[in-house]
Each structure stands twice: as structure tokens, then as C-alpha cells.
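Structure record follows, encoded as C-alpha cells.
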Amino acid sequence: MDKGSGDSLAEKIVTFQEKYHLTDAEMSLKSHLPVEKIHGIKQQIYQPQTDEKQELLNFITNYQSN
């Protein structure tokens with residue numbers, strides 16, 4: 001993953017979910033990324049495509065809880 005460049009995407013997802021109290025399913029629905037991919041990224045067994053990674057990072061950066 002992002003070795004040597006700070007937090008990995010998996011760590012960012014976990015931190016984000018803890019901050020906003022979101023399950024993998026809720027994050028999947030809100031980010032429009034399949035839950036299987038969220039699981040895979042967090043377990044570091046799935047390497048997201050560049051566009052998937054960018055969409056997820058944009059989602060995390062711009063998320064506003066309702």
C-alpha cells in the first residue's frame with residue numbers, strides 16, 4: 001500500500017470509521033464502493049485501482065455527517 005508515505009489507506013479508513021461511527025456497510029453505501037472492497041482494503045488484501053483510491057480519499061476528506 002502506501003509504504004513510507006504516512007498513514008495507509010486502511011488506517012485512514014479505520015480512523016474515519018471510528019470518528020464517524022460508521023460500519024463497513026454504511027461506509028460502502030455512502031461511498032458507493034462495494035463492501036467487499038472496503039473489507040479487502042482494510043485487511044490489505046485488495047489493492048484499489050487508482051480511481052477507487054482517489055474516490056475513497058475524496059469521500060473521507062469531504063464527508064459531512066448528517
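By convention here, the chains of the C-alpha cells are called A, B, ... in the order presented, each chain's residues are numbered starting at 1, and ligands are numbered starting at 1 in the order presented.
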With a distance cut-off of 12 Å and only C-alpha atoms, select the neighbouring residues of range 35-49 of chain A, excluding the residue or stretch itself and same-chain residues fewer than 6 positions from it, and output the selection as a PDB file with N, CA, C and O atoms, in the first residue's frame.
ATOM      1  N   MET A   1       0.847  -1.174   0.000  1.00  0.00           N
ATOM      2  CA  MET A   1       0.000   0.000   0.000  1.00  0.00           C
ATOM      3  C   MET A   1       0.899   1.246   0.000  1.00  0.00           C
ATOM      4  O   MET A   1       1.870   1.274  -0.689  1.00  0.00           O
ATOM      5  N   ASP A   2       0.604   2.233   0.780  1.00  0.00           N
ATOM      6  CA  ASP A   2       1.360   3.480   0.753  1.00  0.00           C
ATOM      7  C   ASP A   2       2.561   3.421   1.687  1.00  0.00           C
ATOM      8  O   ASP A   2       2.718   4.241   2.569  1.00  0.00           O
ATOM      9  N   LYS A   3       3.433   2.452   1.500  1.00  0.00           N
ATOM     10  CA  LYS A   3       4.572   2.296   2.391  1.00  0.00           C
ATOM     11  C   LYS A   3       5.457   3.526   2.346  1.00  0.00           C
ATOM     12  O   LYS A   3       5.847   3.978   1.298  1.00  0.00           O
ATOM     13  N   SER A   8      -1.524   4.481   5.922  1.00  0.00           N
ATOM     14  CA  SER A   8      -2.013   3.720   4.784  1.00  0.00           C
ATOM     15  C   SER A   8      -3.501   4.014   4.596  1.00  0.00           C
ATOM     16  O   SER A   8      -4.167   4.547   5.487  1.00  0.00           O
ATOM     17  N   LEU A   9      -4.009   3.675   3.438  1.00  0.00           N
ATOM     18  CA  LEU A   9      -5.430   3.860   3.175  1.00  0.00           C
ATOM     19  C   LEU A   9      -6.254   3.076   4.195  1.00  0.00           C
ATOM     20  O   LEU A   9      -7.267   3.564   4.685  1.00  0.00           O
ATOM     21  N   ALA A  10      -5.800   1.865   4.521  1.00  0.00           N
ATOM     22  CA  ALA A  10      -6.512   1.056   5.520  1.00  0.00           C
ATOM     23  C   ALA A  10      -6.610   1.793   6.855  1.00  0.00           C
ATOM     24  O   ALA A  10      -7.674   1.823   7.480  1.00  0.00           O
ATOM     25  N   GLU A  11      -5.507   2.398   7.292  1.00  0.00           N
ATOM     26  CA  GLU A  11      -5.517   3.135   8.558  1.00  0.00           C
ATOM     27  C   GLU A  11      -6.435   4.345   8.479  1.00  0.00           C
ATOM     28  O   GLU A  11      -7.130   4.663   9.449  1.00  0.00           O
ATOM     29  N   LYS A  12      -6.441   5.015   7.334  1.00  0.00           N
ATOM     30  CA  LYS A  12      -7.318   6.175   7.161  1.00  0.00           C
ATOM     31  C   LYS A  12      -8.780   5.761   7.240  1.00  0.00           C
ATOM     32  O   LYS A  12      -9.601   6.460   7.832  1.00  0.00           O
ATOM     33  N   ILE A  13      -9.116   4.627   6.634  1.00  0.00           N
ATOM     34  CA  ILE A  13     -10.496   4.136   6.677  1.00  0.00           C
ATOM     35  C   ILE A  13     -10.899   3.832   8.117  1.00  0.00           C
ATOM     36  O   ILE A  13     -11.971   4.242   8.576  1.00  0.00           O
ATOM     37  N   VAL A  14     -10.061   3.101   8.836  1.00  0.00           N
ATOM     38  CA  VAL A  14     -10.377   2.726  10.220  1.00  0.00           C
ATOM     39  C   VAL A  14     -10.543   3.969  11.091  1.00  0.00           C
ATOM     40  O   VAL A  14     -11.513   4.083  11.848  1.00  0.00           O
ATOM     41  N   THR A  15      -9.628   4.921  10.974  1.00  0.00           N
ATOM     42  CA  THR A  15      -9.714   6.158  11.749  1.00  0.00           C
ATOM     43  C   THR A  15     -10.992   6.916  11.422  1.00  0.00           C
ATOM     44  O   THR A  15     -11.697   7.406  12.318  1.00  0.00           O
ATOM     45  N   PHE A  16     -11.315   7.002  10.138  1.00  0.00           N
ATOM     46  CA  PHE A  16     -12.528   7.681   9.681  1.00  0.00           C
ATOM     47  C   PHE A  16     -13.777   6.999  10.246  1.00  0.00           C
ATOM     48  O   PHE A  16     -14.684   7.669  10.772  1.00  0.00           O
ATOM     49  N   GLN A  17     -13.824   5.673  10.171  1.00  0.00           N
ATOM     50  CA  GLN A  17     -14.983   4.938  10.679  1.00  0.00           C
ATOM     51  C   GLN A  17     -15.138   5.114  12.184  1.00  0.00           C
ATOM     52  O   GLN A  17     -16.267   5.232  12.673  1.00  0.00           O
ATOM     53  N   THR A  23     -20.141   1.688  10.124  1.00  0.00           N
ATOM     54  CA  THR A  23     -19.777   0.304   9.852  1.00  0.00           C
ATOM     55  C   THR A  23     -19.249   0.220   8.415  1.00  0.00           C
ATOM     56  O   THR A  23     -19.380   1.163   7.625  1.00  0.00           O
ATOM     57  N   ASP A  24     -18.694  -0.930   8.060  1.00  0.00           N
ATOM     58  CA  ASP A  24     -18.237  -1.134   6.685  1.00  0.00           C
ATOM     59  C   ASP A  24     -19.409  -1.009   5.713  1.00  0.00           C
ATOM     60  O   ASP A  24     -19.268  -0.421   4.641  1.00  0.00           O
ATOM     61  N   ALA A  25     -20.554  -1.549   6.085  1.00  0.00           N
ATOM     62  CA  ALA A  25     -21.737  -1.487   5.207  1.00  0.00           C
ATOM     63  C   ALA A  25     -22.190  -0.039   5.001  1.00  0.00           C
ATOM     64  O   ALA A  25     -22.511   0.358   3.873  1.00  0.00           O
ATOM     65  N   GLU A  26     -22.220   0.740   6.082  1.00  0.00           N
ATOM     66  CA  GLU A  26     -22.624   2.145   5.960  1.00  0.00           C
ATOM     67  C   GLU A  26     -21.629   2.930   5.097  1.00  0.00           C
ATOM     68  O   GLU A  26     -22.019   3.736   4.256  1.00  0.00           O
ATOM     69  N   MET A  27     -20.354   2.661   5.294  1.00  0.00           N
ATOM     70  CA  MET A  27     -19.341   3.350   4.503  1.00  0.00           C
ATOM     71  C   MET A  27     -19.457   2.958   3.034  1.00  0.00           C
ATOM     72  O   MET A  27     -19.305   3.791   2.143  1.00  0.00           O
ATOM     73  N   SER A  28     -19.739   1.703   2.800  1.00  0.00           N
ATOM     74  CA  SER A  28     -19.917   1.223   1.436  1.00  0.00           C
ATOM     75  C   SER A  28     -21.074   1.940   0.749  1.00  0.00           C
ATOM     76  O   SER A  28     -20.940   2.420  -0.379  1.00  0.00           O
ATOM     77  N   LEU A  29     -22.197   2.026   1.429  1.00  0.00           N
ATOM     78  CA  LEU A  29     -23.367   2.699   0.856  1.00  0.00           C
ATOM     79  C   LEU A  29     -23.106   4.173   0.587  1.00  0.00           C
ATOM     80  O   LEU A  29     -23.485   4.704  -0.451  1.00  0.00           O
ATOM     81  N   GLU A  55     -11.341   8.227  -5.200  1.00  0.00           N
ATOM     82  CA  GLU A  55     -12.732   8.452  -4.791  1.00  0.00           C
ATOM     83  C   GLU A  55     -12.899   8.259  -3.292  1.00  0.00           C
ATOM     84  O   GLU A  55     -13.595   9.036  -2.630  1.00  0.00           O
ATOM     85  N   LEU A  56     -12.265   7.230  -2.758  1.00  0.00           N
ATOM     86  CA  LEU A  56     -12.366   6.957  -1.327  1.00  0.00           C
ATOM     87  C   LEU A  56     -11.696   8.063  -0.516  1.00  0.00           C
ATOM     88  O   LEU A  56     -12.253   8.531   0.490  1.00  0.00           O
ATOM     89  N   LEU A  57     -10.533   8.517  -0.938  1.00  0.00           N
ATOM     90  CA  LEU A  57      -9.859   9.608  -0.238  1.00  0.00           C
ATOM     91  C   LEU A  57     -10.677  10.893  -0.318  1.00  0.00           C
ATOM     92  O   LEU A  57     -10.773  11.629   0.672  1.00  0.00           O
TER      93      LEU A  57
END
Based on DSSP run over this structure's backbone, return all residues of chain A in alpha helix (DSSP H), as a ChimeraX atom specification. /A:9-20,24-31,35-42,50-62
Contacts of Phe59 in chain A at 10 Å (only C-alpha atoms; same-chain gap of 6+ positions) as an mmCIF file with N, CA, C and O atoms, in the first residue's frame:
data_model
loop_
_atom_site.group_PDB
_atom_site.id
_atom_site.type_symbol
_atom_site.label_atom_id
_atom_site.label_comp_id
_atom_site.auth_asym_id
_atom_site.auth_seq_id
_atom_site.Cartn_x
_atom_site.Cartn_y
_atom_site.Cartn_z
ATOM 1 N N MET A 27 -20.354 2.661 5.294
ATOM 2 C CA MET A 27 -19.341 3.350 4.503
ATOM 3 C C MET A 27 -19.457 2.958 3.034
ATOM 4 O O MET A 27 -19.305 3.791 2.143
ATOM 5 N N LYS A 30 -22.449 4.833 1.523
ATOM 6 C CA LYS A 30 -22.205 6.269 1.385
ATOM 7 C C LYS A 30 -21.115 6.595 0.361
ATOM 8 O O LYS A 30 -21.176 7.611 -0.311
ATOM 9 N N SER A 31 -20.117 5.716 0.233
ATOM 10 C CA SER A 31 -19.005 5.972 -0.683
ATOM 11 C C SER A 31 -19.215 5.351 -2.059
ATOM 12 O O SER A 31 -18.464 5.637 -2.984
ATOM 13 N N HIS A 32 -20.230 4.488 -2.173
ATOM 14 C CA HIS A 32 -20.536 3.780 -3.425
ATOM 15 C C HIS A 32 -19.435 2.810 -3.839
ATOM 16 O O HIS A 32 -19.282 2.507 -5.014
ATOM 17 N N LYS A 53 -9.189 4.474 -5.216
ATOM 18 C CA LYS A 53 -8.459 5.063 -4.092
ATOM 19 C C LYS A 53 -8.735 6.560 -4.014
ATOM 20 O O LYS A 53 -9.010 7.092 -2.934
#
